[in-house]
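Enquirer: What follows is a structure written as C-alpha cells; I'll ask about it next.
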Amino acid sequence: MARMECRCGEVLSNSTVPNNIELRVYTEKEWDSIMESDTIETWNIPLPTYDVWKCPRCERVYVFKEGSDKAIKIYALEE
Ligand SMILES: [Zn+2]
C-alpha cells in the first residue's frame, strides 16, 4: 500500500482494494507468457513488471519499476 501526491496536487493512494488508481498493464508478450503457463489460475496471475498509476483529476500516468517507489516515466495528457 502506498500513496503519493500527483504533480496536480491530487493525493493518489492504492490503499483501497479495489481502486481506480492502480492499473494492471501487461505487454502482450508478458500476457501470452502468463497464459501459456500450466500453473496459472485466475487467483494467482502474476503482477505486471511495471506498476502504473493514473491520476483521476489530470489523467497523468506514472510508471514505476516493480518494487520501487520512484516513477521511471511520467506521462501527461496532451489533448
Ligand atoms: Zn494529477
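The chains in the C-alpha cells are called A, B, ... from first to last as shown; in each chain the residues are counted from 1, and the ligands are counted from 1 in the order shown.
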Can you tell me which residues sit at most 7 Å away from ligand 1, counting only C-alpha atoms and all ligand atoms, written as a ChimeraX atom specification?

Expert: /A:6-10,55-60

Enquirer: Can you spit out the residues from that selection as an mmCIF file, in the first residue's frame, using N, CA and C atoms?

Expert:
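Once written, out-v3.cif looks like this:
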```
data_model
loop_
_atom_site.group_PDB
_atom_site.id
_atom_site.type_symbol
_atom_site.label_atom_id
_atom_site.label_comp_id
_atom_site.auth_asym_id
_atom_site.auth_seq_id
_atom_site.Cartn_x
_atom_site.Cartn_y
_atom_site.Cartn_z
ATOM 1 N N CYS A 6 0.266 13.676 -6.721
ATOM 2 C CA CYS A 6 0.436 13.925 -8.155
ATOM 3 C C CYS A 6 0.939 15.356 -8.336
ATOM 4 N N ARG A 7 1.538 15.627 -9.470
ATOM 5 C CA ARG A 7 2.019 16.990 -9.753
ATOM 6 C C ARG A 7 0.887 18.015 -9.773
ATOM 7 N N CYS A 8 -0.373 17.568 -9.964
ATOM 8 C CA CYS A 8 -1.512 18.493 -9.966
ATOM 9 C C CYS A 8 -2.011 18.757 -8.546
ATOM 10 N N GLY A 9 -1.464 18.044 -7.555
ATOM 11 C CA GLY A 9 -1.876 18.238 -6.169
ATOM 12 C C GLY A 9 -2.777 17.151 -5.623
ATOM 13 N N GLU A 10 -3.340 16.326 -6.502
ATOM 14 C CA GLU A 10 -4.217 15.233 -6.074
ATOM 15 C C GLU A 10 -3.391 14.180 -5.319
ATOM 16 N N CYS A 55 -3.776 9.340 -12.404
ATOM 17 C CA CYS A 55 -4.434 10.368 -11.589
ATOM 18 C C CYS A 55 -5.844 10.609 -12.137
ATOM 19 N N PRO A 56 -6.882 10.528 -11.296
ATOM 20 C CA PRO A 56 -8.245 10.735 -11.777
ATOM 21 C C PRO A 56 -8.548 12.195 -12.111
ATOM 22 N N ARG A 57 -7.754 13.131 -11.595
ATOM 23 C CA ARG A 57 -8.027 14.541 -11.856
ATOM 24 C C ARG A 57 -7.388 15.009 -13.166
ATOM 25 N N CYS A 58 -6.076 14.830 -13.323
ATOM 26 C CA CYS A 58 -5.375 15.363 -14.501
ATOM 27 C C CYS A 58 -5.029 14.276 -15.521
ATOM 28 N N GLU A 59 -5.276 13.025 -15.169
ATOM 29 C CA GLU A 59 -5.032 11.868 -16.036
ATOM 30 C C GLU A 59 -3.553 11.615 -16.323
ATOM 31 N N ARG A 60 -2.663 12.190 -15.516
ATOM 32 C CA ARG A 60 -1.241 11.829 -15.645
ATOM 33 C C ARG A 60 -1.088 10.353 -15.331
#
```

Enquirer: May I have the residues within 12 Å of Ser15 of chain A as a PyMOL selection string, using only C-alpha atoms and disregarding those fewer than 4 positions away in the same chain?

Expert: chain A and resi 1-4+11+19-22

Enquirer: Would you save the residues from that selection as a short mmCIF file (atom, residue, chain, number, x, y, z; two decimals), in the first residue's frame, using C-alpha atoms?

Expert:
```cif
data_model
loop_
_atom_site.label_atom_id
_atom_site.label_comp_id
_atom_site.auth_asym_id
_atom_site.auth_seq_id
_atom_site.Cartn_x
_atom_site.Cartn_y
_atom_site.Cartn_z
CA MET A 1 0.00 0.00 0.00
CA ALA A 2 1.33 3.39 -0.92
CA ARG A 3 0.34 6.97 -1.50
CA MET A 4 1.85 9.88 -3.37
CA VAL A 11 -3.25 12.64 -3.46
CA ASN A 19 -9.24 1.16 -6.54
CA ASN A 20 -9.27 3.22 -9.73
CA ILE A 21 -5.70 4.49 -9.30
CA GLU A 22 -3.57 1.44 -9.94
#
```

Enquirer: What's the separation between atom CA of Gly67 of chain A and atom CA of Asn44 of chain A, in Å to one decimal place?

Expert: 18.4 Å

Enquirer: Using only C-alpha atoms, which residues sit within 10 Å of Asp51 of chain A once same-chain residues fewer than 3 positions away are excluded, as a list in words?

Expert: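 Once the nearby chain positions are removed, what remains is Glu22, Leu23, Arg24, Val25, Tyr26, Leu47, Pro48, Tyr62, Val63, Phe64, Lys65, Glu66, Gly67, Ser68, Asp69 and Ala71 of chain A.
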
Enquirer: Near Thr27 of chain A, within 10 Å and counting only C-alpha atoms, which residues show up once chain neighbours fewer than 4 positions away are dropped, as a tab-separated table (two decimals) with all heavy atoms, in the first residue's frame?

Expert:
```
chain	number	residue	atom	x	y	z
A	31	TRP	N	1.72	-11.09	-21.26
A	31	TRP	CA	0.42	-11.72	-21.03
A	31	TRP	C	0.37	-13.11	-21.66
A	31	TRP	O	-0.12	-14.06	-21.06
A	31	TRP	CB	-0.70	-10.82	-21.56
A	31	TRP	CG	-2.05	-11.33	-21.21
A	31	TRP	CD1	-2.97	-11.87	-22.05
A	31	TRP	CD2	-2.64	-11.38	-19.90
A	31	TRP	NE1	-4.10	-12.25	-21.35
A	31	TRP	CE2	-3.91	-11.96	-20.03
A	31	TRP	CE3	-2.20	-10.98	-18.64
A	31	TRP	CZ2	-4.76	-12.16	-18.94
A	31	TRP	CZ3	-3.05	-11.19	-17.56
A	31	TRP	CH2	-4.30	-11.76	-17.71
A	32	ASP	N	0.89	-13.22	-22.90
A	32	ASP	CA	0.91	-14.53	-23.57
A	32	ASP	C	1.72	-15.53	-22.76
A	32	ASP	O	1.33	-16.68	-22.62
A	32	ASP	CB	1.51	-14.41	-24.98
A	32	ASP	CG	0.51	-13.84	-25.97
A	32	ASP	OD1	-0.66	-13.63	-25.60
A	32	ASP	OD2	0.91	-13.59	-27.12
A	33	SER	N	2.85	-15.09	-22.24
A	33	SER	CA	3.70	-15.97	-21.44
A	33	SER	C	2.96	-16.45	-20.19
A	33	SER	O	3.04	-17.62	-19.82
A	33	SER	CB	4.98	-15.20	-21.06
A	33	SER	OG	5.72	-15.92	-20.14
A	48	PRO	N	2.11	-7.37	-13.04
A	48	PRO	CA	2.91	-6.94	-14.20
A	48	PRO	C	4.29	-6.43	-13.77
A	48	PRO	O	4.50	-6.11	-12.59
A	48	PRO	CB	2.08	-5.83	-14.83
A	48	PRO	CG	1.07	-5.43	-13.83
A	48	PRO	CD	0.93	-6.54	-12.84
A	49	THR	N	5.20	-6.35	-14.72
A	49	THR	CA	6.56	-5.87	-14.44
A	49	THR	C	6.55	-4.43	-13.94
A	49	THR	O	7.33	-4.06	-13.07
A	49	THR	CB	7.42	-5.96	-15.72
A	49	THR	OG1	7.38	-7.31	-16.18
A	49	THR	CG2	8.85	-5.54	-15.46
A	50	TYR	N	5.65	-3.63	-14.49
A	50	TYR	CA	5.60	-2.22	-14.13
A	50	TYR	C	4.32	-1.92	-13.36
A	50	TYR	O	3.25	-2.43	-13.69
A	50	TYR	CB	5.66	-1.33	-15.38
A	50	TYR	CG	6.98	-1.49	-16.10
A	50	TYR	CD1	7.09	-2.31	-17.22
A	50	TYR	CD2	8.12	-0.84	-15.65
A	50	TYR	CE1	8.30	-2.48	-17.87
A	50	TYR	CE2	9.33	-1.00	-16.29
A	50	TYR	CZ	9.42	-1.82	-17.40
A	50	TYR	OH	10.61	-1.99	-18.03
```

Enquirer: Would you compute the distance between atom CA of Leu77 of chain A and atom CA of Trp53 of chain A? Give it in Å to one decimal.

Expert: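 If I compute the distance from atom CA of Leu77 of chain A to atom CA of Trp53 of chain A, I get 13.6 Å.
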
Enquirer: So which bits of chain A end up alpha helix (DSSP H) when you DSSP the backbone, as a PyMOL selection string?

Expert: chain A and resi 28-36
